[in-house]
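Trainee: The following file, protein.cif, comprises mmCIF, C-alpha atoms:
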data_work
loop_
_atom_site.label_atom_id
_atom_site.label_comp_id
_atom_site.auth_asym_id
_atom_site.auth_seq_id
_atom_site.Cartn_x
_atom_site.Cartn_y
_atom_site.Cartn_z
CA MET A 1 125.14 116.96 130.29
CA VAL A 2 122.22 118.87 128.77
CA ASP A 3 119.63 116.42 127.44
CA ASP A 4 116.39 116.74 125.43
CA ALA A 5 114.28 117.44 128.53
CA ASP A 6 116.73 120.18 129.54
CA LEU A 7 116.50 121.69 126.06
CA ALA A 8 112.70 121.74 126.21
CA HIS A 9 112.78 123.64 129.50
CA LEU A 10 115.43 126.04 128.18
CA ARG A 11 113.29 126.72 125.10
CA ARG A 12 110.47 127.65 127.46
CA CYS A 13 112.85 130.05 129.25
CA VAL A 14 113.73 131.72 125.95
CA ALA A 15 110.01 131.99 125.12
CA LEU A 16 109.43 133.61 128.52
CA ALA A 17 112.33 136.00 127.88
CA ARG A 18 110.77 136.90 124.52
CA ALA A 19 107.41 137.51 126.26
CA ALA A 20 109.12 139.77 128.81
CA LEU A 21 110.69 141.79 126.00
CA GLU A 22 107.32 142.07 124.25
CA ALA A 23 105.89 143.35 127.57
CA ASP A 24 108.55 146.12 127.55
CA ASP A 25 110.79 144.48 130.12
CA GLU A 26 114.27 142.98 129.97
CA PRO A 27 114.43 139.58 128.23
CA PHE A 28 114.93 137.04 131.00
CA GLY A 29 112.80 134.00 131.80
CA SER A 30 113.21 131.09 134.22
CA VAL A 31 111.52 127.81 135.12
CA LEU A 32 111.70 125.69 138.29
CA VAL A 33 111.38 121.95 137.66
CA ASP A 34 111.10 119.34 140.40
CA ALA A 35 112.90 115.99 140.49
CA GLY A 36 109.96 114.33 138.74
CA GLY A 37 110.20 116.71 135.77
CA ARG A 38 107.14 118.78 136.70
CA VAL A 39 107.27 122.55 136.22
CA ARG A 40 106.53 124.05 139.62
CA PHE A 41 107.00 127.78 138.93
CA GLU A 42 108.00 130.07 136.08
CA ASP A 43 108.52 133.79 135.80
CA THR A 44 110.03 136.63 133.77
CA ASN A 45 111.87 139.82 134.61
CA HIS A 46 109.70 142.54 136.17
CA VAL A 47 112.29 145.31 136.43
CA ALA A 48 110.59 147.82 134.12
CA GLY A 49 108.56 149.13 137.07
CA GLY A 50 111.74 150.39 138.71
CA ASP A 51 112.60 147.55 141.14
CA ALA A 52 115.81 146.08 139.73
CA THR A 53 115.59 143.10 142.11
CA GLN A 54 112.56 141.62 140.34
CA HIS A 55 114.50 138.87 138.55
CA PRO A 56 112.78 135.55 137.82
CA GLU A 57 115.53 133.51 139.50
CA PHE A 58 115.08 135.49 142.71
CA ALA A 59 111.31 134.92 142.54
CA ILE A 60 111.96 131.20 142.06
CA ALA A 61 114.16 131.07 145.16
CA ARG A 62 111.51 132.81 147.27
CA TRP A 63 108.71 130.63 145.88
CA ALA A 64 110.71 127.43 146.46
CA ALA A 65 111.55 128.40 150.05
CA GLU A 66 107.85 128.83 150.77
CA HIS A 67 106.42 125.86 148.85
CA MET A 68 109.04 123.09 148.78
CA SER A 69 110.84 121.09 151.44
CA PRO A 70 114.63 121.36 151.68
CA GLU A 71 114.93 117.93 150.05
CA GLU A 72 112.64 118.92 147.17
CA ARG A 73 114.60 122.12 146.62
CA ALA A 74 117.92 120.28 146.54
CA ALA A 75 116.58 117.86 143.91
CA ALA A 76 115.05 120.60 141.72
CA THR A 77 116.55 122.25 138.65
CA VAL A 78 116.33 125.93 137.74
CA TYR A 79 116.40 126.59 134.00
CA THR A 80 117.01 130.13 132.84
CA SER A 81 117.60 132.13 129.69
CA GLY A 82 120.60 133.84 131.30
CA GLU A 83 123.01 132.76 134.01
CA HIS A 84 122.05 134.01 137.47
CA CYS A 85 123.40 137.38 138.57
CA PRO A 86 125.19 137.45 141.95
CA MET A 87 121.97 138.40 143.78
CA CYS A 88 120.06 135.48 142.29
CA ALA A 89 122.96 133.04 142.70
CA ALA A 90 123.10 133.95 146.39
CA ALA A 91 119.34 133.46 146.81
CA HIS A 92 119.62 130.10 145.00
CA GLY A 93 122.40 129.00 147.33
CA TRP A 94 120.72 130.27 150.51
CA VAL A 95 117.48 128.35 149.87
CA GLY A 96 119.36 125.20 148.83
CA LEU A 97 118.14 124.78 145.28
CA GLY A 98 119.86 122.21 143.08
CA ARG A 99 121.19 122.33 139.55
CA ILE A 100 121.13 125.40 137.29
CA VAL A 101 121.00 125.11 133.50
CA TYR A 102 121.25 128.34 131.50
CA ALA A 103 121.03 129.20 127.81
CA SER A 104 123.47 132.13 127.92
CA SER A 105 126.23 133.05 130.37
CA SER A 106 126.89 136.22 132.33
CA ALA A 107 130.16 136.61 130.43
CA GLN A 108 128.24 136.52 127.16
CA LEU A 109 125.79 139.14 128.43
CA VAL A 110 128.63 141.45 129.47
CA SER A 111 130.20 141.15 126.00
CA TRP A 112 126.84 141.70 124.27
CA LEU A 113 126.16 144.84 126.30
CA ALA A 114 129.63 146.18 125.46
CA GLU A 115 129.08 145.40 121.78
CA LEU A 116 125.79 147.35 121.93
CA ASP A 117 127.41 150.31 123.79
CA VAL A 118 125.21 149.70 126.84
CA PRO A 119 126.73 150.68 130.20
CA PRO A 120 127.55 147.70 132.42
CA PRO A 121 125.09 146.77 135.17
CA PRO A 122 125.69 148.23 138.66
CA VAL A 123 126.67 144.79 140.03
CA THR A 124 129.66 142.88 138.66
CA ALA A 125 128.68 139.83 136.64
CA LEU A 126 130.24 136.71 138.14
CA PRO A 127 129.83 133.02 137.35
CA VAL A 128 127.29 131.32 139.64
CA ASN A 129 129.95 129.11 141.21
CA GLU A 130 131.90 132.14 142.46
CA ILE A 131 128.85 132.98 144.58
CA ALA A 132 127.39 129.51 145.25
CA PRO A 133 130.30 127.09 144.81
CA GLY A 134 128.40 123.87 145.51
CA VAL A 135 125.68 124.33 142.87
CA PRO A 136 125.95 122.15 139.74
CA VAL A 137 125.82 124.50 136.74
CA GLU A 138 125.55 123.82 133.01
CA GLY A 139 125.57 126.28 130.15
CA PRO A 140 125.74 128.13 127.88
CA VAL A 141 123.89 126.12 125.24
CA PRO A 142 124.94 126.78 121.64
CA GLY A 143 122.07 127.96 119.47
CA LEU A 144 119.85 129.00 122.36
CA ASP A 145 122.50 131.47 123.48
CA GLU A 146 122.24 133.15 120.08
CA GLU A 147 118.45 133.41 120.44
CA VAL A 148 119.00 135.21 123.75
CA HIS A 149 121.64 137.42 122.11
CA GLU A 150 119.07 138.45 119.49
CA LEU A 151 116.59 139.41 122.23
CA HIS A 152 119.21 141.71 123.77
CA ARG A 153 119.93 143.20 120.35
CA ARG A 154 116.21 143.96 120.03
CA LEU A 155 116.12 145.52 123.51
CA HIS A 156 119.17 147.72 123.06
CA GLY A 157 119.38 148.09 119.28
#
In structure tokens, write the structure found in this file.

Mentor:
Amino acid sequence: MVDDADLAHLRRCVALARAALEADDEPFGSVLVDAGGRVRFEDTNHVAGGDATQHPEFAIARWAAEHMSPEERAAATVYTSGEHCPMCAAAHGWVGLGRIVYASSSAQLVSWLAELDVPPPPVTALPVNEIAPGVPVEGPVPGLDEEVHELHRRLHG
């Protein structure tokens, strides 16, 4: 169940996504929160430079592997403006991170891109649990998903 603390972290993710868009990148933002509720790491997309692997969720997985114990990673939550792509879901699963809470789903993103006549990404969008079946996942979150939709309209409109 998404609670008020979850919503606050998701709002930060949407703000990060907005900042990424304003920096001429794709609108995605993510936050890593430990079991005590402390933000440990946050990032945005950095794909505009040509490296399409520079997703914030992937950066979170790498940062967590280097800076947190396996127990800390398992108890942490990753909040994100958009559901993890398969690459990021795999990284999340491989480093043993815990729960994921997202504002908008991969299925929503696929439908938004189609609605905007944008070609689909080169990797098939799949739900996180098809890649990392043991990860608890919550989302999308009504209202915040529409804010993310608007950011994609601005990017591709």

Trainee: How would you write, as a count of residues only, the residues chosen by the PyMOL selection byres ((chain A and resi 93) around 9) on this structure?

Mentor: 16

Trainee: Kindly indicate which residue among A:Gly36, A:Pro140, A:Pro56, A:Pro86 lies nearest to Val128 (chain A), using only C-alpha atoms for the distances.

Mentor: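 Selected residue with least distance to Val128 (chain A): A:Pro86.
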
Trainee: May I have the residues within 9 Å of region 148-155 of chain A as a list of chain:residue names, using all atoms listed in the file and disregarding those fewer than 5 positions away in the same chain?

Mentor: A:Val14, A:Ala17, A:Arg18, A:Leu21, A:Asp24, A:Asp25, A:Glu26, A:Pro27, A:Phe28, A:Ser81, A:Gly82, A:Ala103, A:Ser104, A:Gln108, A:Leu109, A:Trp112, A:Leu113, A:Leu116, A:Gly143

Trainee: Run the PyMOL selection byres ((chain A and resi 40) around 10) mentally over the shown coordinates, then write out the matched residues as a PyMOL selection string, using the chain letters and numbers from the document.

Mentor: chain A and resi 31-34+37-39+41-42+60+63-64+67-68+76

Trainee: Take CA of His156 (chain A) and CA of Asp6 (chain A) and report the distance between them in Å, one decimal.

Mentor: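 For CA of His156 (chain A) relative to CA of Asp6 (chain A), the distance reads 28.4 Å.
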
Trainee: Any idea what the distance is between CA of Gly157 (chain A) and CA of Ala114 (chain A)?

Mentor: 12.1 Å

Trainee: So that all listed atoms of region 112-131 of chain A fit with 5 Å spare on each side, what axis-aligned box centre and edge lengths in Å, to one decimal, would you give as lines of an AutoDock Vina configuration file?

Mentor:
center_x = 128.5
center_y = 139.9
center_z = 133.2
size_x = 16.8
size_y = 31.6
size_z = 32.8

Trainee: Interatomic distance between CA of Ser30 (chain A) and CA of Leu16 (chain A)?

Mentor: 7.3 Å
